[in-house]
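Q: Next up is a structure, given as structure tokens.
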Amino acid sequence: IVPTVIMPLFNKYEPLPEGSLKTRVFELAGQLKYPLTKLFVMDGSKRSAHSNAFMFGFGSNRRIVLFDTLLEQVKEDEILAILGHELGHWKLGHTLSNFWVTQVYFGAAFYFFSLTFGATELYAAFGFTQFTPTLVALLLFFQTLWAPVDKILSFLLTLFSRHNEFAADKFSVDLGMSQMLQSGLCKIHLENLGAMAPDAWYSTYHYSHPPLVERLAAMMAL
């Protein structure tokens, strides 16, 4: 519903024109057995110069969307390498694993919230002695009891995400696209004004994607 109904309210999606790029993208999808049915270009330039590509859909009805800025900023071979990375996430099961990890995370959070929902002493400490609205109870739980747990779990999820990004990079490299992926990432990082070499400790905790220099080093080491 979101990509087919809600997102078109804010951006224009047009089929990618016939040509070499469209043919090669479908060939890449076929090579990886990705059931691609439609290929769109989105007018991302109406809001910023940020470039990206993403996939959506279920079962045998999958679609790929390219930002128009991506088509302007990188070459055709570099687009294919970037799509090789994105398709790597699908082929390696990262999409499903991220979905289930998220479900477990929220399931655990609300389970422990249910255990504390009747803790009148907790709410009384904040002045709620007679009746505690559910919204207030949620806010108190997530801002007090769950906050330190969330810091630890968020860090573990960040490490998991970074691992997946390196794995998707390797997937694209194994397709023979190493040089094109490296040059494509450099171009879009420059255009997106991304931090290429932030502090290692800071990025390890805060960045779900490894810094560009780390990704390039990992690819060159393969």
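In the structure tokens, the first chain shown is A, the next is B, and so on; residue numbers restart at 1 for each chain, and ligands run from 1 in the order shown.
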Can you tell me, as a list in words, what residues are no more than 6 Å from Ser45 of chain A when counting only C-alpha atoms, ignoring any on the same chain fewer than 3 positions away?
A: Ser48, Ala49 and Thr69 of chain A
Q: Rank nothing, just name the residue among A:Leu159, A:Leu28, A:Val104, A:Leu222 nearest to Glu86 of chain A, using only C-alpha atoms.
A: A:Leu28
Q: Write out, as a Markdown table, each residue of segment 57-166 of chain A that has an atom at most 10 Å from segment 12-19 of chain A, together with the closest pair of atoms and their distance in Å to one decimal, counting only C-alpha atoms, rows going by chain and rising number.
A:
| residue | atom | partner | partner_atom | distance |
| --- | --- | --- | --- | --- |
| A:Ile64 | CA | A:Leu16 | CA | 10.0 |
| A:Val65 | CA | A:Tyr13 | CA | 8.2 |
| A:Leu66 | CA | A:Leu16 | CA | 8.5 |
| A:Phe67 | CA | A:Tyr13 | CA | 9.4 |
| A:Asp68 | CA | A:Leu16 | CA | 9.8 |
Q: Using DSSP assignments from the backbone, pull out every residue in segment 109-201 of chain A that falls under alpha helix (DSSP H) and give it to me as a compact mmCIF listing (two decimals) with all heavy atoms, in the first residue's frame.
A:
# COMPACT_ATOMS: atom_id res chain seq x y z
N ALA A 109 9.99 -5.58 23.62
CA ALA A 109 9.74 -4.31 24.30
C ALA A 109 8.33 -4.28 24.90
O ALA A 109 8.15 -3.93 26.08
CB ALA A 109 9.94 -3.15 23.34
N PHE A 110 7.34 -4.67 24.11
CA PHE A 110 5.96 -4.61 24.61
C PHE A 110 5.66 -5.73 25.60
O PHE A 110 4.79 -5.57 26.46
CB PHE A 110 4.97 -4.61 23.45
CG PHE A 110 4.85 -3.27 22.78
CD1 PHE A 110 5.53 -2.99 21.61
CD2 PHE A 110 4.08 -2.27 23.36
CE1 PHE A 110 5.43 -1.74 21.00
CE2 PHE A 110 3.97 -1.02 22.76
CZ PHE A 110 4.65 -0.76 21.59
N TYR A 111 6.38 -6.83 25.50
CA TYR A 111 6.22 -7.88 26.51
C TYR A 111 6.68 -7.38 27.88
O TYR A 111 5.97 -7.53 28.88
CB TYR A 111 7.01 -9.13 26.12
CG TYR A 111 7.09 -10.15 27.24
CD1 TYR A 111 5.97 -10.91 27.58
CD2 TYR A 111 8.27 -10.33 27.95
CE1 TYR A 111 6.03 -11.84 28.61
CE2 TYR A 111 8.34 -11.25 28.99
CZ TYR A 111 7.22 -12.00 29.32
OH TYR A 111 7.27 -12.90 30.35
N PHE A 112 7.85 -6.76 27.92
CA PHE A 112 8.34 -6.25 29.20
C PHE A 112 7.51 -5.06 29.68
O PHE A 112 7.36 -4.85 30.89
CB PHE A 112 9.82 -5.88 29.08
CG PHE A 112 10.73 -7.07 29.07
CD1 PHE A 112 11.35 -7.47 27.90
CD2 PHE A 112 10.94 -7.80 30.22
CE1 PHE A 112 12.18 -8.58 27.88
CE2 PHE A 112 11.77 -8.92 30.22
CZ PHE A 112 12.39 -9.32 29.04
N PHE A 113 6.96 -4.31 28.73
CA PHE A 113 6.04 -3.25 29.14
C PHE A 113 4.82 -3.83 29.83
O PHE A 113 4.33 -3.28 30.84
CB PHE A 113 5.61 -2.42 27.93
CG PHE A 113 4.47 -1.48 28.22
CD1 PHE A 113 4.65 -0.37 29.03
CD2 PHE A 113 3.21 -1.73 27.69
CE1 PHE A 113 3.60 0.49 29.31
CE2 PHE A 113 2.14 -0.87 27.96
CZ PHE A 113 2.34 0.23 28.78
N SER A 114 4.32 -4.95 29.31
CA SER A 114 3.14 -5.57 29.93
C SER A 114 3.43 -6.03 31.35
O SER A 114 2.54 -6.05 32.20
CB SER A 114 2.67 -6.75 29.07
OG SER A 114 3.59 -7.84 29.16
N LEU A 115 4.70 -6.39 31.62
CA LEU A 115 5.07 -6.83 32.96
C LEU A 115 5.11 -5.67 33.95
O LEU A 115 4.94 -5.87 35.16
CB LEU A 115 6.43 -7.53 32.93
CG LEU A 115 6.53 -8.81 32.10
CD1 LEU A 115 7.94 -9.38 32.18
CD2 LEU A 115 5.51 -9.85 32.55
N THR A 116 5.37 -4.48 33.43
CA THR A 116 5.49 -3.31 34.32
C THR A 116 4.25 -2.43 34.32
O THR A 116 4.18 -1.46 35.07
CB THR A 116 6.69 -2.43 33.88
OG1 THR A 116 6.44 -1.93 32.55
CG2 THR A 116 7.98 -3.25 33.86
N THR A 120 2.41 0.10 40.15
CA THR A 120 1.89 1.37 40.64
C THR A 120 2.96 2.23 41.29
O THR A 120 2.89 3.47 41.25
CB THR A 120 0.76 1.12 41.65
OG1 THR A 120 1.26 0.27 42.71
CG2 THR A 120 -0.42 0.42 40.97
N GLU A 121 3.99 1.59 41.88
CA GLU A 121 5.06 2.36 42.53
C GLU A 121 5.81 3.22 41.51
O GLU A 121 6.22 4.35 41.81
CB GLU A 121 6.05 1.42 43.25
CG GLU A 121 5.44 0.60 44.37
CD GLU A 121 4.81 -0.69 43.85
OE1 GLU A 121 4.78 -0.87 42.60
OE2 GLU A 121 4.33 -1.49 44.67
N LEU A 122 6.02 2.67 40.33
CA LEU A 122 6.73 3.41 39.29
C LEU A 122 5.96 4.66 38.91
O LEU A 122 6.53 5.75 38.84
CB LEU A 122 6.94 2.52 38.05
CG LEU A 122 7.49 3.22 36.79
CD1 LEU A 122 8.90 3.73 37.04
CD2 LEU A 122 7.47 2.25 35.60
N TYR A 123 4.68 4.54 38.67
CA TYR A 123 3.88 5.68 38.24
C TYR A 123 3.66 6.67 39.38
O TYR A 123 3.59 7.87 39.16
CB TYR A 123 2.55 5.19 37.66
CG TYR A 123 2.73 4.14 36.59
CD1 TYR A 123 2.12 2.89 36.70
CD2 TYR A 123 3.55 4.38 35.49
CE1 TYR A 123 2.31 1.93 35.72
CE2 TYR A 123 3.74 3.42 34.51
CZ TYR A 123 3.12 2.19 34.64
OH TYR A 123 3.33 1.24 33.68
N ALA A 124 3.56 6.14 40.61
CA ALA A 124 3.38 7.02 41.76
C ALA A 124 4.58 7.93 41.94
O ALA A 124 4.47 9.08 42.38
CB ALA A 124 3.14 6.19 43.02
N THR A 134 -2.60 5.02 29.52
CA THR A 134 -1.73 4.08 28.82
C THR A 134 -0.60 4.79 28.10
O THR A 134 0.55 4.32 28.11
CB THR A 134 -2.55 3.25 27.82
OG1 THR A 134 -3.60 2.57 28.51
CG2 THR A 134 -1.67 2.21 27.13
N LEU A 135 -0.88 5.93 27.48
CA LEU A 135 0.16 6.67 26.77
C LEU A 135 1.25 7.12 27.72
O LEU A 135 2.45 7.02 27.41
CB LEU A 135 -0.45 7.87 26.05
CG LEU A 135 0.53 8.75 25.26
CD1 LEU A 135 1.26 7.94 24.20
CD2 LEU A 135 -0.18 9.93 24.62
N VAL A 136 0.85 7.60 28.91
CA VAL A 136 1.83 8.02 29.92
C VAL A 136 2.65 6.82 30.37
O VAL A 136 3.87 6.91 30.55
CB VAL A 136 1.13 8.70 31.10
CG1 VAL A 136 2.12 8.97 32.24
CG2 VAL A 136 0.46 9.99 30.66
N ALA A 137 1.99 5.69 30.58
CA ALA A 137 2.70 4.48 31.00
C ALA A 137 3.73 4.07 29.96
O ALA A 137 4.87 3.69 30.29
CB ALA A 137 1.69 3.35 31.23
N LEU A 138 3.37 4.16 28.68
CA LEU A 138 4.31 3.83 27.61
C LEU A 138 5.51 4.76 27.62
O LEU A 138 6.67 4.32 27.50
CB LEU A 138 3.61 3.90 26.25
CG LEU A 138 2.80 2.68 25.82
CD1 LEU A 138 1.96 3.01 24.59
CD2 LEU A 138 3.73 1.51 25.51
N LEU A 139 5.24 6.06 27.74
CA LEU A 139 6.33 7.03 27.73
C LEU A 139 7.28 6.80 28.91
O LEU A 139 8.50 6.84 28.76
CB LEU A 139 5.77 8.45 27.78
CG LEU A 139 5.05 8.92 26.51
CD1 LEU A 139 4.42 10.29 26.75
CD2 LEU A 139 6.04 9.00 25.35
N LEU A 140 6.72 6.56 30.09
CA LEU A 140 7.57 6.33 31.27
C LEU A 140 8.40 5.07 31.11
O LEU A 140 9.58 5.04 31.45
CB LEU A 140 6.69 6.23 32.52
CG LEU A 140 6.07 7.53 33.02
CD1 LEU A 140 5.17 7.27 34.22
CD2 LEU A 140 7.15 8.55 33.39
N TRP A 146 13.22 0.99 29.87
CA TRP A 146 13.68 0.40 28.61
C TRP A 146 14.85 1.15 27.99
O TRP A 146 15.58 0.58 27.17
CB TRP A 146 12.52 0.35 27.62
CG TRP A 146 12.83 -0.42 26.36
CD1 TRP A 146 13.03 0.08 25.12
CD2 TRP A 146 12.96 -1.85 26.24
NE1 TRP A 146 13.28 -0.94 24.21
CE2 TRP A 146 13.24 -2.14 24.87
CE3 TRP A 146 12.87 -2.91 27.14
CZ2 TRP A 146 13.42 -3.43 24.41
CZ3 TRP A 146 13.05 -4.22 26.67
CH2 TRP A 146 13.33 -4.46 25.34
N ALA A 147 15.09 2.38 28.40
CA ALA A 147 16.11 3.21 27.76
C ALA A 147 17.50 2.57 27.78
O ALA A 147 18.17 2.50 26.72
CB ALA A 147 16.15 4.59 28.42
N PRO A 148 18.02 2.07 28.92
CA PRO A 148 19.36 1.46 28.89
C PRO A 148 19.39 0.17 28.07
O PRO A 148 20.41 -0.12 27.41
CB PRO A 148 19.66 1.19 30.37
CG PRO A 148 18.33 1.18 31.04
CD PRO A 148 17.49 2.15 30.29
N VAL A 149 18.30 -0.59 28.10
CA VAL A 149 18.24 -1.81 27.28
C VAL A 149 18.26 -1.43 25.80
O VAL A 149 18.93 -2.07 24.98
CB VAL A 149 16.97 -2.61 27.62
CG1 VAL A 149 16.88 -3.86 26.74
CG2 VAL A 149 16.95 -2.98 29.09
N ASP A 150 17.53 -0.38 25.46
CA ASP A 150 17.45 0.07 24.08
C ASP A 150 18.82 0.50 23.55
O ASP A 150 19.14 0.25 22.39
CB ASP A 150 16.46 1.22 23.97
CG ASP A 150 16.35 1.76 22.55
OD1 ASP A 150 15.86 1.00 21.68
OD2 ASP A 150 16.77 2.90 22.30
N LYS A 151 19.62 1.12 24.40
CA LYS A 151 20.96 1.54 23.97
C LYS A 151 21.80 0.33 23.55
O LYS A 151 22.50 0.36 22.53
CB LYS A 151 21.66 2.28 25.10
CG LYS A 151 21.05 3.63 25.45
CD LYS A 151 21.17 4.62 24.32
CE LYS A 151 20.62 5.98 24.72
NZ LYS A 151 20.65 6.94 23.58
N ILE A 152 21.71 -0.73 24.33
CA ILE A 152 22.49 -1.94 24.03
C ILE A 152 21.96 -2.62 22.78
O ILE A 152 22.72 -2.98 21.87
CB ILE A 152 22.45 -2.90 25.23
CG1 ILE A 152 23.12 -2.27 26.44
CG2 ILE A 152 23.15 -4.22 24.87
CD1 ILE A 152 22.98 -3.07 27.72
N LEU A 153 20.63 -2.79 22.71
CA LEU A 153 20.04 -3.47 21.56
C LEU A 153 20.24 -2.67 20.27
O LEU A 153 20.49 -3.24 19.21
CB LEU A 153 18.56 -3.72 21.80
CG LEU A 153 18.20 -4.70 22.92
CD1 LEU A 153 16.70 -4.87 23.04
CD2 LEU A 153 18.87 -6.06 22.69
N SER A 154 20.13 -1.35 20.37
CA SER A 154 20.34 -0.51 19.18
C SER A 154 21.76 -0.64 18.66
O SER A 154 21.99 -0.66 17.44
CB SER A 154 20.04 0.96 19.52
OG SER A 154 18.68 1.14 19.82
N PHE A 155 22.71 -0.74 19.56
CA PHE A 155 24.11 -0.93 19.15
C PHE A 155 24.28 -2.27 18.45
O PHE A 155 24.95 -2.37 17.41
CB PHE A 155 25.02 -0.83 20.36
CG PHE A 155 26.47 -1.09 20.05
CD1 PHE A 155 27.15 -0.30 19.13
CD2 PHE A 155 27.15 -2.13 20.66
CE1 PHE A 155 28.48 -0.54 18.83
CE2 PHE A 155 28.49 -2.37 20.38
CZ PHE A 155 29.15 -1.58 19.46
N LEU A 156 23.66 -3.32 18.99
CA LEU A 156 23.75 -4.64 18.36
C LEU A 156 23.09 -4.63 16.98
O LEU A 156 23.60 -5.24 16.03
CB LEU A 156 23.10 -5.69 19.25
CG LEU A 156 23.79 -5.95 20.60
CD1 LEU A 156 23.00 -6.96 21.43
CD2 LEU A 156 25.22 -6.43 20.39
N LEU A 157 21.97 -3.92 16.86
CA LEU A 157 21.29 -3.82 15.56
C LEU A 157 22.15 -3.04 14.56
O LEU A 157 22.16 -3.34 13.37
CB LEU A 157 19.93 -3.15 15.73
CG LEU A 157 18.87 -3.97 16.47
CD1 LEU A 157 17.60 -3.15 16.67
CD2 LEU A 157 18.56 -5.25 15.72
N THR A 158 22.86 -2.03 15.06
CA THR A 158 23.76 -1.27 14.19
C THR A 158 24.89 -2.15 13.67
O THR A 158 25.23 -2.12 12.48
CB THR A 158 24.34 -0.07 14.95
OG1 THR A 158 23.28 0.81 15.32
CG2 THR A 158 25.33 0.70 14.08
N LEU A 159 25.46 -2.97 14.56
CA LEU A 159 26.52 -3.89 14.14
C LEU A 159 25.99 -4.89 13.12
O LEU A 159 26.66 -5.21 12.13
CB LEU A 159 27.07 -4.64 15.36
CG LEU A 159 27.84 -3.82 16.39
CD1 LEU A 159 28.32 -4.72 17.53
CD2 LEU A 159 29.03 -3.10 15.75
N PHE A 160 24.77 -5.35 13.33
CA PHE A 160 24.14 -6.29 12.39
C PHE A 160 23.94 -5.63 11.03
O PHE A 160 24.22 -6.23 9.98
CB PHE A 160 22.81 -6.76 12.98
CG PHE A 160 22.05 -7.71 12.10
CD1 PHE A 160 22.56 -8.97 11.80
CD2 PHE A 160 20.82 -7.35 11.57
CE1 PHE A 160 21.86 -9.85 10.99
CE2 PHE A 160 20.11 -8.22 10.75
CZ PHE A 160 20.63 -9.48 10.47
N SER A 161 23.48 -4.38 11.03
CA SER A 161 23.27 -3.65 9.79
C SER A 161 24.59 -3.43 9.05
O SER A 161 24.67 -3.59 7.82
CB SER A 161 22.60 -2.31 10.08
OG SER A 161 22.49 -1.53 8.91
N ARG A 162 25.63 -3.07 9.78
CA ARG A 162 26.94 -2.86 9.16
C ARG A 162 27.47 -4.15 8.54
O ARG A 162 28.04 -4.15 7.45
CB ARG A 162 27.93 -2.29 10.19
CG ARG A 162 27.61 -0.86 10.61
CD ARG A 162 28.36 -0.49 11.89
NE ARG A 162 29.81 -0.50 11.69
CZ ARG A 162 30.53 0.57 11.35
NH1 ARG A 162 29.94 1.74 11.17
NH2 ARG A 162 31.82 0.48 11.21
N HIS A 163 27.27 -5.25 9.24
CA HIS A 163 27.69 -6.56 8.71
C HIS A 163 26.98 -6.83 7.39
O HIS A 163 27.59 -7.31 6.41
CB HIS A 163 27.37 -7.65 9.74
CG HIS A 163 27.48 -9.04 9.18
ND1 HIS A 163 28.70 -9.67 8.98
CD2 HIS A 163 26.53 -9.92 8.75
CE1 HIS A 163 28.50 -10.87 8.47
NE2 HIS A 163 27.20 -11.05 8.32
N ASN A 164 25.68 -6.55 7.34
CA ASN A 164 24.91 -6.77 6.11
C ASN A 164 25.40 -5.89 4.96
O ASN A 164 25.40 -6.32 3.81
CB ASN A 164 23.43 -6.51 6.38
CG ASN A 164 22.79 -7.60 7.23
OD1 ASN A 164 23.38 -8.67 7.44
ND2 ASN A 164 21.60 -7.35 7.71
N GLU A 165 25.78 -4.66 5.28
CA GLU A 165 26.27 -3.76 4.22
C GLU A 165 27.58 -4.29 3.63
O GLU A 165 27.76 -4.27 2.40
CB GLU A 165 26.48 -2.36 4.79
CG GLU A 165 25.18 -1.63 5.12
CD GLU A 165 24.26 -1.50 3.92
OE1 GLU A 165 24.75 -1.20 2.82
OE2 GLU A 165 23.06 -1.70 4.10
N PHE A 166 28.48 -4.75 4.47
CA PHE A 166 29.73 -5.33 3.96
C PHE A 166 29.43 -6.57 3.11
O PHE A 166 30.07 -6.79 2.08
CB PHE A 166 30.67 -5.69 5.12
CG PHE A 166 31.40 -4.53 5.71
CD1 PHE A 166 31.30 -4.26 7.08
CD2 PHE A 166 32.20 -3.71 4.94
CE1 PHE A 166 32.00 -3.18 7.63
CE2 PHE A 166 32.90 -2.63 5.48
CZ PHE A 166 32.79 -2.38 6.84
N ALA A 167 28.47 -7.38 3.57
CA ALA A 167 28.12 -8.60 2.82
C ALA A 167 27.53 -8.26 1.47
O ALA A 167 27.82 -8.92 0.46
CB ALA A 167 27.15 -9.44 3.65
N ALA A 168 26.68 -7.23 1.41
CA ALA A 168 26.08 -6.82 0.13
C ALA A 168 27.14 -6.25 -0.80
O ALA A 168 27.08 -6.45 -2.02
CB ALA A 168 24.96 -5.81 0.36
N ASP A 169 28.10 -5.51 -0.25
CA ASP A 169 29.23 -5.02 -1.06
C ASP A 169 29.99 -6.19 -1.67
O ASP A 169 30.33 -6.19 -2.86
CB ASP A 169 30.18 -4.18 -0.21
CG ASP A 169 29.65 -2.78 0.05
OD1 ASP A 169 28.71 -2.35 -0.65
OD2 ASP A 169 30.19 -2.10 0.95
N LYS A 170 30.27 -7.20 -0.85
CA LYS A 170 31.00 -8.38 -1.33
C LYS A 170 30.21 -9.10 -2.42
O LYS A 170 30.79 -9.61 -3.39
CB LYS A 170 31.30 -9.34 -0.17
CG LYS A 170 32.12 -10.57 -0.57
CD LYS A 170 32.41 -11.46 0.61
CE LYS A 170 33.31 -12.63 0.21
NZ LYS A 170 32.71 -13.47 -0.86
N PHE A 171 28.89 -9.13 -2.26
CA PHE A 171 28.05 -9.77 -3.27
C PHE A 171 28.22 -9.08 -4.62
O PHE A 171 28.38 -9.75 -5.64
CB PHE A 171 26.59 -9.71 -2.82
CG PHE A 171 25.65 -10.45 -3.71
CD1 PHE A 171 25.40 -11.81 -3.52
CD2 PHE A 171 25.00 -9.81 -4.77
CE1 PHE A 171 24.53 -12.50 -4.36
CE2 PHE A 171 24.14 -10.49 -5.60
CZ PHE A 171 23.90 -11.84 -5.40
N SER A 172 28.20 -7.75 -4.62
CA SER A 172 28.39 -7.00 -5.86
C SER A 172 29.79 -7.22 -6.42
O SER A 172 29.98 -7.35 -7.64
CB SER A 172 28.13 -5.52 -5.62
OG SER A 172 28.19 -4.79 -6.83
N VAL A 173 30.78 -7.27 -5.54
CA VAL A 173 32.16 -7.52 -5.97
C VAL A 173 32.28 -8.89 -6.62
O VAL A 173 32.94 -9.06 -7.65
CB VAL A 173 33.12 -7.41 -4.77
CG1 VAL A 173 34.52 -7.91 -5.14
CG2 VAL A 173 33.20 -5.97 -4.28
N ASP A 174 31.61 -9.88 -6.03
CA ASP A 174 31.67 -11.24 -6.58
C ASP A 174 31.00 -11.34 -7.95
O ASP A 174 31.24 -12.29 -8.69
CB ASP A 174 31.00 -12.23 -5.62
CG ASP A 174 31.81 -12.44 -4.34
OD1 ASP A 174 33.02 -12.12 -4.37
OD2 ASP A 174 31.24 -12.90 -3.34
N SER A 178 33.42 -4.70 -8.77
CA SER A 178 34.14 -4.02 -7.69
C SER A 178 34.50 -2.58 -8.06
O SER A 178 34.19 -1.64 -7.32
CB SER A 178 35.40 -4.79 -7.32
OG SER A 178 36.10 -4.13 -6.28
N GLN A 179 35.18 -2.39 -9.17
CA GLN A 179 35.64 -1.06 -9.54
C GLN A 179 34.46 -0.10 -9.77
O GLN A 179 34.50 1.06 -9.34
CB GLN A 179 36.49 -1.13 -10.81
CG GLN A 179 37.85 -1.80 -10.61
CD GLN A 179 38.71 -1.05 -9.61
OE1 GLN A 179 38.71 0.19 -9.58
NE2 GLN A 179 39.42 -1.78 -8.77
N MET A 180 33.42 -0.59 -10.42
CA MET A 180 32.26 0.26 -10.69
C MET A 180 31.51 0.61 -9.40
O MET A 180 31.00 1.73 -9.25
CB MET A 180 31.33 -0.42 -11.68
CG MET A 180 31.87 -0.53 -13.10
SD MET A 180 32.16 1.11 -13.87
CE MET A 180 33.93 1.30 -13.64
N LEU A 181 31.44 -0.34 -8.46
CA LEU A 181 30.77 -0.05 -7.20
C LEU A 181 31.56 0.98 -6.41
O LEU A 181 30.98 1.91 -5.82
CB LEU A 181 30.60 -1.34 -6.38
CG LEU A 181 29.91 -1.18 -5.02
CD1 LEU A 181 28.51 -0.59 -5.19
CD2 LEU A 181 29.84 -2.51 -4.29
N GLN A 182 32.87 0.84 -6.38
CA GLN A 182 33.70 1.79 -5.64
C GLN A 182 33.57 3.20 -6.22
O GLN A 182 33.36 4.17 -5.47
CB GLN A 182 35.16 1.34 -5.68
CG GLN A 182 35.44 0.06 -4.89
CD GLN A 182 36.88 -0.36 -4.98
OE1 GLN A 182 37.80 0.44 -4.78
NE2 GLN A 182 37.13 -1.63 -5.29
N SER A 183 33.66 3.32 -7.53
CA SER A 183 33.58 4.66 -8.13
C SER A 183 32.17 5.22 -7.99
O SER A 183 31.99 6.42 -7.74
CB SER A 183 33.98 4.60 -9.60
OG SER A 183 33.13 3.73 -10.33
N GLY A 184 31.15 4.36 -8.11
CA GLY A 184 29.77 4.83 -7.95
C GLY A 184 29.49 5.31 -6.54
O GLY A 184 28.86 6.36 -6.35
N LEU A 185 29.97 4.58 -5.54
CA LEU A 185 29.77 5.00 -4.15
C LEU A 185 30.48 6.32 -3.87
O LEU A 185 29.96 7.17 -3.15
CB LEU A 185 30.28 3.91 -3.20
CG LEU A 185 29.44 2.63 -3.12
CD1 LEU A 185 30.12 1.61 -2.22
CD2 LEU A 185 28.04 2.94 -2.61
N CYS A 186 31.68 6.49 -4.42
CA CYS A 186 32.41 7.75 -4.21
C CYS A 186 31.62 8.93 -4.78
O CYS A 186 31.52 9.99 -4.15
CB CYS A 186 33.79 7.67 -4.87
SG CYS A 186 34.98 6.62 -4.02
N LYS A 187 31.05 8.74 -5.95
CA LYS A 187 30.31 9.83 -6.59
C LYS A 187 29.06 10.20 -5.79
O LYS A 187 28.79 11.39 -5.56
CB LYS A 187 29.92 9.43 -8.01
CG LYS A 187 31.09 9.38 -8.98
CD LYS A 187 30.65 8.94 -10.37
CE LYS A 187 31.82 8.86 -11.33
NZ LYS A 187 31.41 8.40 -12.68
N ILE A 188 28.29 9.20 -5.37
CA ILE A 188 27.04 9.53 -4.67
C ILE A 188 27.33 10.05 -3.26
O ILE A 188 26.56 10.85 -2.73
CB ILE A 188 26.05 8.34 -4.64
CG1 ILE A 188 26.62 7.15 -3.88
CG2 ILE A 188 25.66 7.95 -6.05
CD1 ILE A 188 25.63 5.99 -3.77
N HIS A 189 28.43 9.62 -2.65
CA HIS A 189 28.79 10.18 -1.34
C HIS A 189 29.16 11.65 -1.47
O HIS A 189 28.81 12.47 -0.62
CB HIS A 189 29.96 9.40 -0.72
CG HIS A 189 29.52 8.27 0.16
ND1 HIS A 189 28.98 7.10 -0.34
CD2 HIS A 189 29.52 8.13 1.51
CE1 HIS A 189 28.68 6.29 0.65
NE2 HIS A 189 28.99 6.89 1.79
N LEU A 190 29.86 11.99 -2.54
CA LEU A 190 30.20 13.39 -2.77
C LEU A 190 28.94 14.22 -3.01
O LEU A 190 28.78 15.32 -2.47
CB LEU A 190 31.15 13.51 -3.96
CG LEU A 190 32.60 13.07 -3.72
CD1 LEU A 190 33.36 13.01 -5.04
CD2 LEU A 190 33.30 14.01 -2.75
N GLU A 191 28.05 13.70 -3.84
CA GLU A 191 26.81 14.43 -4.15
C GLU A 191 25.90 14.54 -2.93
O GLU A 191 25.22 15.55 -2.73
CB GLU A 191 26.07 13.74 -5.29
CG GLU A 191 26.79 13.79 -6.62
CD GLU A 191 26.82 15.18 -7.23
OE1 GLU A 191 26.02 16.05 -6.79
OE2 GLU A 191 27.64 15.42 -8.13
N ALA A 200 36.16 6.62 14.04
CA ALA A 200 35.84 5.19 13.98
C ALA A 200 34.90 4.76 15.10
O ALA A 200 33.95 4.01 14.88
CB ALA A 200 37.13 4.37 14.03
N TRP A 201 35.17 5.24 16.34
CA TRP A 201 34.33 4.85 17.47
C TRP A 201 32.92 5.44 17.33
O TRP A 201 31.93 4.76 17.59
CB TRP A 201 34.95 5.33 18.78
CG TRP A 201 36.16 4.54 19.18
CD1 TRP A 201 37.46 4.91 19.04
CD2 TRP A 201 36.18 3.22 19.75
NE1 TRP A 201 38.31 3.93 19.49
CE2 TRP A 201 37.54 2.89 19.94
CE3 TRP A 201 35.20 2.32 20.11
CZ2 TRP A 201 37.93 1.66 20.48
CZ3 TRP A 201 35.58 1.09 20.66
CH2 TRP A 201 36.93 0.78 20.84
Q: Would you compute the distance between atom CA of Arg24 of chain A and atom CA of Lys91 of chain A? Give it in Å to one decimal.
A: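 So the two atoms, atom CA of Arg24 of chain A and atom CA of Lys91 of chain A, lie 18.1 Å apart.
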Q: Restricting the calculation to only C-alpha atoms, which member of A:Leu92, A:Met177, A:Ala197, A:Ala119 is positioned closest to Met220 of chain A?
A: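 Looking only at the distances to Met220 of chain A, the closest residue turns out to be A:Met177.
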Q: Of the residues A:Asn192, A:Ala221, A:Phe99, A:Gly118, which is the one nearest to Pro133 of chain A, using only C-alpha atoms?
A: A:Gly118
Q: Identify which of the residues A:Glu27, A:Pro35, A:Leu83, A:Asn98 lies closest to Ala53 of chain A, counting only C-alpha atoms when measuring atom-to-atom distances.
A: A:Leu83
Q: Please identify the strand (DSSP E or B) residues within chain A (assignment by DSSP from backbone atoms) and present them as a ChimeraX atom specification.
A: /A:13-15,36-42,53-58,61-67
Q: Kindly save the residues from that selection, with C-alpha atoms included, as a short mmCIF file (atom, residue, chain, number, x, y, z; two decimals), in the first residue's frame.
A:
data_model
loop_
_atom_site.label_atom_id
_atom_site.label_comp_id
_atom_site.auth_asym_id
_atom_site.auth_seq_id
_atom_site.Cartn_x
_atom_site.Cartn_y
_atom_site.Cartn_z
CA TYR A 13 7.06 7.48 -10.74
CA GLU A 14 7.61 6.89 -14.44
CA PRO A 15 8.73 3.72 -16.25
CA LEU A 36 11.53 -8.00 -11.44
CA THR A 37 8.32 -6.88 -13.16
CA LYS A 38 8.62 -3.09 -13.33
CA LEU A 39 11.43 -0.55 -13.33
CA PHE A 40 10.68 3.06 -12.38
CA VAL A 41 12.41 6.43 -12.23
CA MET A 42 11.42 8.70 -9.32
CA ALA A 53 17.76 3.18 -5.51
CA PHE A 54 15.39 0.83 -3.74
CA MET A 55 13.27 -2.26 -4.28
CA PHE A 56 9.79 -3.19 -3.13
CA GLY A 57 7.09 -5.77 -3.73
CA PHE A 58 6.13 -9.26 -2.67
CA ASN A 61 5.77 -8.99 -8.27
CA ARG A 62 8.96 -7.05 -7.48
CA ARG A 63 9.88 -3.55 -8.61
CA ILE A 64 12.99 -1.38 -8.62
CA VAL A 65 12.99 2.40 -8.34
CA LEU A 66 15.91 4.60 -9.42
CA PHE A 67 16.17 8.23 -8.38
#
Q: Which is closer to Phe141 of chain A than all the others in A:His206, A:Ala218, A:Phe126, A:Val213, using only C-alpha atoms?
A: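 That would be A:Phe126, the residue with the smallest distance to Phe141 of chain A.
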